[in-house]
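The file input27.cif contains mmCIF, C-alpha atoms:
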data_target
loop_
_atom_site.label_atom_id
_atom_site.label_comp_id
_atom_site.auth_asym_id
_atom_site.auth_seq_id
_atom_site.Cartn_x
_atom_site.Cartn_y
_atom_site.Cartn_z
CA MET A 1 41.30 67.22 80.84
CA ALA A 2 43.03 70.02 79.00
CA THR A 3 44.03 71.99 82.07
CA PRO A 4 47.71 70.91 82.19
CA ILE A 5 48.09 71.88 78.52
CA PHE A 6 46.44 75.21 79.17
CA GLU A 7 48.75 75.84 82.12
CA SER A 8 51.80 75.15 80.02
CA ILE A 9 50.46 77.41 77.25
CA GLN A 10 49.73 80.14 79.77
CA SER A 11 53.26 79.92 81.12
CA GLN A 12 54.75 80.04 77.62
CA LEU A 13 52.68 83.07 76.70
CA GLY A 14 53.89 84.73 79.87
CA SER A 15 53.45 88.45 79.93
CA LEU A 16 52.14 88.67 76.34
CA ALA A 17 48.61 88.21 77.63
CA THR A 18 46.89 90.73 79.86
CA ALA A 19 44.40 88.19 81.16
CA SER A 20 43.58 84.56 80.57
CA SER A 21 40.93 82.17 81.75
CA VAL A 22 39.22 78.94 80.71
CA SER A 23 35.69 79.23 79.39
CA HIS A 24 33.65 76.18 78.30
CA GLY A 25 36.81 74.16 77.73
CA THR A 26 38.52 76.85 75.67
CA LEU A 27 41.46 78.92 76.81
CA VAL A 28 40.60 82.61 76.51
CA VAL A 29 43.51 85.02 76.21
CA GLU A 30 43.06 88.76 76.23
CA ILE A 31 45.81 90.89 74.80
CA ALA A 32 46.65 94.42 73.76
CA PRO A 33 46.38 94.83 69.95
CA ALA A 34 50.08 95.65 69.73
CA ALA A 35 51.04 92.31 71.30
CA LEU A 36 49.17 90.25 68.70
CA SER A 37 52.04 89.43 66.38
CA GLY A 38 54.36 88.21 69.12
CA LEU A 39 51.63 86.19 70.76
CA VAL A 40 50.62 84.49 67.51
CA GLN A 41 54.23 83.60 66.77
CA THR A 42 54.53 81.98 70.18
CA LEU A 43 51.19 80.22 69.78
CA LYS A 44 52.11 78.86 66.39
CA SER A 45 55.71 77.78 66.95
CA ALA A 46 56.01 77.01 70.65
CA CYS A 47 52.46 75.93 71.45
CA LYS A 48 51.73 74.17 68.12
CA PHE A 49 48.50 75.99 67.29
CA ASP A 50 48.67 75.28 63.59
CA MET A 51 45.11 76.17 62.51
CA LEU A 52 43.40 79.52 62.44
CA LEU A 53 39.72 78.74 62.75
CA ASP A 54 38.02 82.09 62.82
CA VAL A 55 38.52 85.82 62.72
CA THR A 56 35.58 87.90 63.83
CA ALA A 57 34.65 90.84 65.99
CA ILE A 58 32.14 91.79 68.65
CA ASP A 59 30.47 95.16 68.83
CA TRP A 60 29.82 96.47 72.33
CA PRO A 61 27.91 99.71 71.75
CA GLY A 62 28.56 102.14 74.55
CA ARG A 63 31.73 100.46 75.73
CA GLN A 64 35.13 102.06 75.37
CA PRO A 65 36.95 100.71 73.44
CA ARG A 66 34.00 99.56 71.40
CA PHE A 67 35.15 96.42 69.59
CA ASP A 68 36.58 93.06 70.49
CA VAL A 69 38.46 91.39 67.66
CA VAL A 70 38.38 87.65 68.23
CA TRP A 71 40.57 84.90 66.82
CA HIS A 72 40.18 81.18 67.39
CA PHE A 73 43.12 78.83 66.99
CA TYR A 74 43.23 75.06 67.07
CA SER A 75 46.14 72.80 67.82
CA THR A 76 46.08 69.50 65.97
CA THR A 77 48.84 68.34 68.35
CA HIS A 78 47.15 69.13 71.65
CA ARG A 79 43.59 69.03 70.23
CA VAL A 80 42.55 72.13 72.10
CA ARG A 81 41.27 75.54 71.07
CA VAL A 82 42.37 78.94 72.20
CA ARG A 83 40.46 82.18 71.82
CA VAL A 84 42.39 85.44 71.58
CA LYS A 85 40.64 88.74 72.13
CA ALA A 86 41.91 92.27 71.61
CA ARG A 87 40.01 95.49 72.22
CA VAL A 88 40.12 98.21 69.60
CA PRO A 89 38.46 101.63 69.68
CA GLU A 90 35.86 102.83 67.19
CA SER A 91 38.04 105.78 66.19
CA ASP A 92 40.93 103.59 65.07
CA PRO A 93 39.85 99.95 64.69
CA VAL A 94 43.17 98.55 63.49
CA VAL A 95 44.93 95.29 64.28
CA ASP A 96 47.76 93.46 62.57
CA SER A 97 46.91 90.98 59.86
CA LEU A 98 47.76 87.33 60.45
CA THR A 99 48.23 86.57 56.75
CA GLN A 100 51.98 86.24 57.39
CA HIS A 101 51.34 83.33 59.74
CA TYR A 102 48.14 81.75 58.45
CA GLY A 103 47.05 81.88 54.80
CA SER A 104 43.45 81.31 55.81
CA ALA A 105 43.43 84.65 57.59
CA ALA A 106 43.15 86.55 54.30
CA PHE A 107 39.53 85.74 53.50
CA GLN A 108 38.36 85.81 57.10
CA GLU A 109 39.88 89.23 57.61
CA ARG A 110 38.15 90.45 54.46
CA GLU A 111 34.81 89.37 55.87
CA CYS A 112 35.50 90.88 59.28
CA HIS A 113 36.56 94.09 57.56
CA GLU A 114 33.39 94.48 55.50
CA MET A 115 31.06 93.45 58.33
CA TYR A 116 32.59 95.35 61.25
CA GLY A 117 34.94 97.86 59.67
CA ILE A 118 38.01 96.46 61.40
CA ARG A 119 41.16 97.21 59.40
CA PHE A 120 43.89 94.60 59.22
CA ASN A 121 47.35 96.03 58.77
CA GLY A 122 49.27 93.93 56.28
CA ASN A 123 46.32 92.38 54.46
CA ALA A 124 46.72 93.77 50.97
CA ASP A 125 43.31 92.66 49.71
CA LEU A 126 40.44 93.96 51.82
CA ARG A 127 37.90 94.17 49.00
CA PRO A 128 34.32 93.21 49.88
CA LEU A 129 33.90 89.47 49.98
CA LEU A 130 30.20 88.81 50.64
CA LEU A 131 29.00 92.37 50.12
CA TYR A 132 29.35 94.36 46.95
CA GLU A 133 31.35 97.38 45.83
CA GLY A 134 29.62 100.56 46.83
CA PHE A 135 28.01 99.21 50.00
CA VAL A 136 28.07 101.96 52.60
CA GLY A 137 28.48 101.12 56.27
CA TYR A 138 29.19 97.95 58.22
CA PRO A 139 26.08 95.76 58.50
CA LEU A 140 27.04 93.70 61.55
CA ARG A 141 27.66 96.74 63.71
CA LYS A 142 24.85 97.19 66.20
CA ASP A 143 24.06 100.68 64.97
CA TYR A 144 23.47 99.57 61.37
CA PRO A 145 19.70 99.89 60.75
CA LYS A 146 17.86 96.58 60.53
CA LEU A 147 16.19 97.57 57.28
CA GLY A 148 19.24 99.25 55.83
CA GLU A 149 18.83 97.87 52.33
CA GLN A 150 21.12 99.07 49.59
CA PRO A 151 19.62 97.62 46.41
CA LEU A 152 21.76 97.36 43.30
CA VAL A 153 18.72 97.23 41.01
CA PRO A 154 16.22 100.08 41.16
CA TYR A 155 12.88 98.86 42.47
CA ARG A 156 9.90 98.62 40.15
CA GLU A 157 7.21 101.22 40.27
CA GLY A 158 5.11 100.95 43.40
CA PHE A 159 7.87 99.56 45.56
CA ASP A 160 9.83 101.74 47.91
CA ILE A 161 12.55 100.85 50.37
CA ALA A 162 10.70 102.92 52.93
CA ASP A 163 7.69 100.58 52.61
CA ARG A 164 9.27 98.18 55.01
CA ALA A 165 9.99 100.77 57.69
CA GLY A 166 6.61 100.13 59.29
CA VAL A 167 6.95 96.34 59.14
CA MET B 1 -21.41 49.33 10.28
CA SER B 2 -25.14 49.82 10.56
CA ALA B 3 -26.89 52.87 9.22
CA ALA B 4 -28.08 53.75 12.71
CA HIS B 5 -24.51 54.65 13.70
CA PRO B 6 -23.04 56.82 10.96
CA THR B 7 -19.34 57.49 11.19
CA ILE B 8 -17.18 60.15 9.70
CA PRO B 9 -15.47 58.63 6.69
CA ILE B 10 -11.68 58.88 6.81
CA SER B 11 -11.24 58.83 3.06
CA PRO B 12 -13.05 61.25 0.78
CA ALA B 13 -16.36 59.84 -0.38
CA GLY B 14 -18.11 60.99 -3.52
CA GLY B 15 -15.24 63.34 -4.41
CA LYS B 16 -16.00 65.63 -1.48
CA SER B 17 -14.13 65.40 1.78
CA ALA B 18 -16.23 64.91 4.87
CA ALA B 19 -13.13 64.64 7.10
CA PHE B 20 -12.16 67.07 9.83
CA GLU B 21 -11.16 70.23 8.01
CA TYR B 22 -11.63 73.15 10.37
CA LEU B 23 -12.84 74.04 13.79
CA THR B 24 -13.96 77.30 15.28
CA THR B 25 -12.22 78.79 18.31
CA LYS B 26 -10.76 82.04 19.44
CA LYS B 27 -7.18 82.99 18.73
CA ASP B 28 -6.45 83.67 22.42
CA GLU B 29 -8.02 80.41 23.54
CA LEU B 30 -6.04 78.42 21.01
CA CYS B 31 -2.75 80.12 21.86
CA GLY B 32 -3.46 79.84 25.56
CA TRP B 33 -4.26 76.16 25.25
CA ALA B 34 -1.05 75.53 23.34
CA ARG B 35 1.13 77.64 25.55
CA LYS B 36 -0.13 76.45 28.90
CA PHE B 37 0.95 72.87 28.14
CA SER B 38 4.38 73.75 26.80
CA LEU B 39 5.99 75.60 29.66
CA PHE B 40 9.75 75.37 29.50
CA PRO B 41 11.01 76.34 32.93
CA TYR B 42 14.32 78.00 33.64
CA PRO B 43 15.22 77.12 37.23
CA PHE B 44 16.88 80.10 38.91
CA VAL B 45 17.82 78.10 41.96
CA THR B 46 19.64 79.84 44.77
CA ALA B 47 18.84 78.11 48.04
CA CYS B 48 17.35 75.22 49.97
CA CYS B 49 14.02 75.29 48.07
CA ALA B 50 16.04 73.50 45.37
CA MET B 51 15.45 70.25 47.26
CA GLU B 52 11.71 70.68 46.81
CA PHE B 53 12.22 71.70 43.22
CA MET B 54 14.10 68.44 42.59
CA SER B 55 11.37 66.53 44.32
CA VAL B 56 8.53 68.13 42.39
CA SER B 57 10.20 67.73 39.02
CA SER B 58 11.14 64.08 39.54
CA THR B 59 9.01 61.00 39.01
CA PRO B 60 6.80 60.88 42.16
CA TYR B 61 5.24 64.27 41.46
CA ASP B 62 6.10 64.58 37.79
CA THR B 63 5.52 68.09 36.50
CA ASP B 64 5.69 66.62 33.02
CA ARG B 65 1.98 65.89 33.41
CA PHE B 66 1.54 69.65 33.05
CA GLY B 67 4.02 70.00 30.24
CA ALA B 68 6.38 71.84 32.55
CA ALA B 69 9.12 69.32 33.21
CA LEU B 70 11.91 69.96 30.79
CA PRO B 71 14.19 72.64 32.20
CA ARG B 72 16.03 74.80 29.73
CA PHE B 73 19.33 76.05 31.05
CA SER B 74 19.37 79.00 28.72
CA PRO B 75 16.89 81.75 29.48
CA ARG B 76 16.55 82.35 25.73
CA GLN B 77 14.85 78.98 25.29
CA SER B 78 12.54 79.13 28.27
CA ASP B 79 9.25 80.81 29.01
CA LEU B 80 8.77 80.14 32.71
CA LEU B 81 11.30 81.62 35.14
CA MET B 82 11.13 79.66 38.39
CA VAL B 83 12.90 81.66 41.08
CA VAL B 84 13.63 79.03 43.68
CA GLY B 85 15.13 80.39 46.88
CA THR B 86 16.42 83.54 48.50
CA VAL B 87 17.59 86.31 46.20
CA THR B 88 20.08 88.70 47.74
CA HIS B 89 20.69 92.27 46.73
CA LYS B 90 24.01 91.13 45.32
CA GLN B 91 22.22 88.63 43.11
CA ALA B 92 19.33 90.85 41.98
CA PRO B 93 21.22 92.20 38.92
CA ILE B 94 21.81 88.61 37.76
CA LEU B 95 18.12 87.78 38.16
CA LEU B 96 17.14 90.87 36.21
CA LYS B 97 19.60 89.99 33.45
CA VAL B 98 18.23 86.45 33.16
CA TYR B 99 14.67 87.78 33.04
CA GLU B 100 15.52 90.31 30.36
CA GLN B 101 17.14 87.63 28.20
CA MET B 102 13.94 85.58 28.08
CA CYS B 103 11.81 85.98 24.96
CA GLU B 104 8.13 86.85 25.11
CA PRO B 105 5.84 85.29 26.10
CA LYS B 106 7.31 84.72 29.55
CA TRP B 107 5.99 84.08 33.02
CA VAL B 108 7.62 84.19 36.44
CA MET B 109 6.99 81.95 39.40
CA ALA B 110 8.14 82.95 42.90
CA PHE B 111 8.86 79.58 44.50
CA GLY B 112 8.75 79.71 48.31
CA VAL B 113 8.45 82.56 50.78
CA CYS B 114 11.94 83.95 50.23
CA ALA B 115 11.33 84.63 46.57
CA THR B 116 7.82 85.82 47.37
CA SER B 117 8.51 88.29 50.17
CA GLY B 118 11.99 87.72 51.55
CA GLY B 119 10.50 85.31 54.07
CA PHE B 120 12.07 85.55 57.45
CA TYR B 121 15.04 87.49 56.13
CA GLN B 122 14.72 91.13 56.96
CA ASN B 123 18.16 92.60 56.76
CA TYR B 124 20.82 94.31 54.68
CA ALA B 125 21.43 91.28 52.48
CA ALA B 126 18.13 89.83 51.29
CA LEU B 127 15.80 91.18 48.62
CA ALA B 128 12.30 91.38 50.11
CA GLY B 129 10.56 89.58 47.29
CA ILE B 130 11.59 89.33 43.66
CA ASP B 131 8.56 91.36 42.58
CA ARG B 132 10.56 94.43 43.57
CA VAL B 133 12.79 93.73 40.59
CA ILE B 134 10.76 91.71 38.06
CA PRO B 135 7.01 91.14 37.62
CA VAL B 136 5.69 87.89 39.11
CA ASP B 137 2.75 85.83 37.83
CA VAL B 138 2.30 83.25 40.55
CA TYR B 139 3.49 83.17 44.15
CA ILE B 140 3.93 79.85 45.92
CA PRO B 141 4.01 80.03 49.73
CA GLY B 142 5.85 77.66 52.01
CA CYS B 143 9.29 77.22 53.49
CA PRO B 144 9.84 75.14 51.51
CA PRO B 145 6.56 74.64 49.61
CA ARG B 146 5.24 71.11 49.48
CA PRO B 147 5.26 69.59 45.98
CA GLU B 148 1.45 69.71 45.99
CA THR B 149 1.65 73.46 46.52
CA VAL B 150 4.00 73.81 43.57
CA ILE B 151 1.71 71.73 41.38
CA ASP B 152 -1.20 73.90 42.45
CA GLY B 153 0.89 76.94 41.51
CA ILE B 154 1.63 75.49 38.09
CA MET B 155 -2.07 74.79 37.54
CA GLN B 156 -3.01 78.31 38.59
CA LEU B 157 -0.43 79.66 36.18
CA GLN B 158 -1.91 77.47 33.44
CA ASP B 159 -5.35 78.89 34.16
CA LYS B 160 -3.88 82.36 33.96
CA ILE B 161 -2.20 81.61 30.65
CA ALA B 162 -5.42 80.10 29.27
CA ARG B 163 -7.37 83.22 30.19
CA GLN B 164 -4.90 85.89 29.15
CA LYS B 165 -4.58 87.70 25.84
CA HIS B 166 -1.88 86.34 23.58
CA ILE B 167 -0.40 88.99 21.39
CA ILE B 168 0.96 87.52 18.17
CA LEU B 169 1.35 90.24 15.58
CA THR B 170 0.17 93.52 16.99
CA LYS B 171 -1.51 94.53 20.16
CA ASP B 172 -4.85 93.99 18.43
CA PHE B 173 -4.05 90.50 17.18
#

Show me the file's structure as structure tokens.
Amino acid sequence: MATPIFESIQSQLGSLATASSVSHGTLVVEIAPAALSGLVQTLKSACKFDMLLDVTAIDWPGRQPRFDVVWHFYSTTHRVRVRVKARVPESDPVVDSLTQHYGSAAFQERECHEMYGIRFNGNADLRPLLLYEGFVGYPLRKDYPKLGEQPLVPYREGFDIADRAGV
Amino acid sequence: MSAAHPTIPISPAGGKSAAFEYLTTKKDELCGWARKFSLFPYPFVTACCAMEFMSVSSTPYDTDRFGAALPRFSPRQSDLLMVVGTVTHKQAPILLKVYEQMCEPKWVMAFGVCATSGGFYQNYAALAGIDRVIPVDVYIPGCPPRPETVIDGIMQLQDKIARQKHIILTKDF
């Protein structure tokens, strides 16, 4: 159904994408992090993808580069979704912020930043959103310990964080 | 009224009152009896257990039968803290603050498994039971607990209140 639209999008994106395919009815576009800004401009203006649905990341422990940063866009004109993926290394997990293009990116990038430690160049406000100030580490990374609690209130006598280690 | 069935006269007869003037009881029993039927709950409601809380406090189950229906939305006016739902580490300081603002005597009810033990949450975000932060008097299991379970919890708390020592002036009285 959406294939002709996808083909026209693919041709408009041209060489900006390193690979593209269709997965479960969604166009998947892989890009180099540096190409993000140009690709998003094309997506938004030429291809009419006017909604940013989601900014998240995937941790692939052991893979180099370790992280996928994933964006989902929706076009209210074509009524199709596109997924954009960029690989970033653990040593320098930086991509450009999309706050210039989509206002909704600001909060979603904050969440992605606190959960995965991805930095978004150009997002001026990367304070913790769901977590709290002083939280150490990135809880949605695969190497964050399952019982890595960081309580804000000291536990009452008889309770120890280590109690749950054997659970 | 025949002489075979004497009654207690309501008005003084013969200049001396025969009406009800005193009874004997224990201070703790009297206080416990009074306090167990005048629980003013403060609902600290954070999650989906709230639906069961609404159900149990509304007409079909009617916690007013136990004197525990009227929620006070200031912790300073309440004596039963009902922690209804998951408490996260981010929220634990708020829970502690609410608890500390309550006047004595005060009791705490952990409503549902999340408040009791963290339930199925075992991660960076959830507090594994509110008893790590504040003392708890009665734990109610269930995800969410059925209203009957909550009522049973209230009745167990009432028994506990009836049996406990009620300090009024000093630790000896």

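Considering all atoms listed in the file, the residue among A:Pro139, A:Tyr155, A:Ser23, A:Pro33 positioned nearest to B:Ala128 is A:Tyr155.
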
Self-check item: Ground truth for the PyMOL selection byres ((chain B and resi 77) around 12), written as a PyMOL selection string
Solution: chain B and resi 38-42+70-76+78-81+98-99+101-106

Practice problem: Using only C-alpha atoms, find which residues of chain B lie within 7 Å of chain A and jot them down as a PyMOL selection string. | Solution: chain B and resi 89-90+92-93+122-124+132-133

Quiz prompt | Hits from the PyMOL selection byres ((chain B and resi 51) around 12), listed as a VMD selection string | solution = chain B and resid 45 to 50 52 to 58 84 to 85 111 to 112 143 to 147

Quiz prompt | Nearest residue to A:Trp71 from the set A:Thr56, A:Thr3, A:Gln12, A:Thr18 (distances using only C-alpha atoms) | solution =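 Looking only at the distances to A:Trp71, the closest residue turns out to be A:Thr56.
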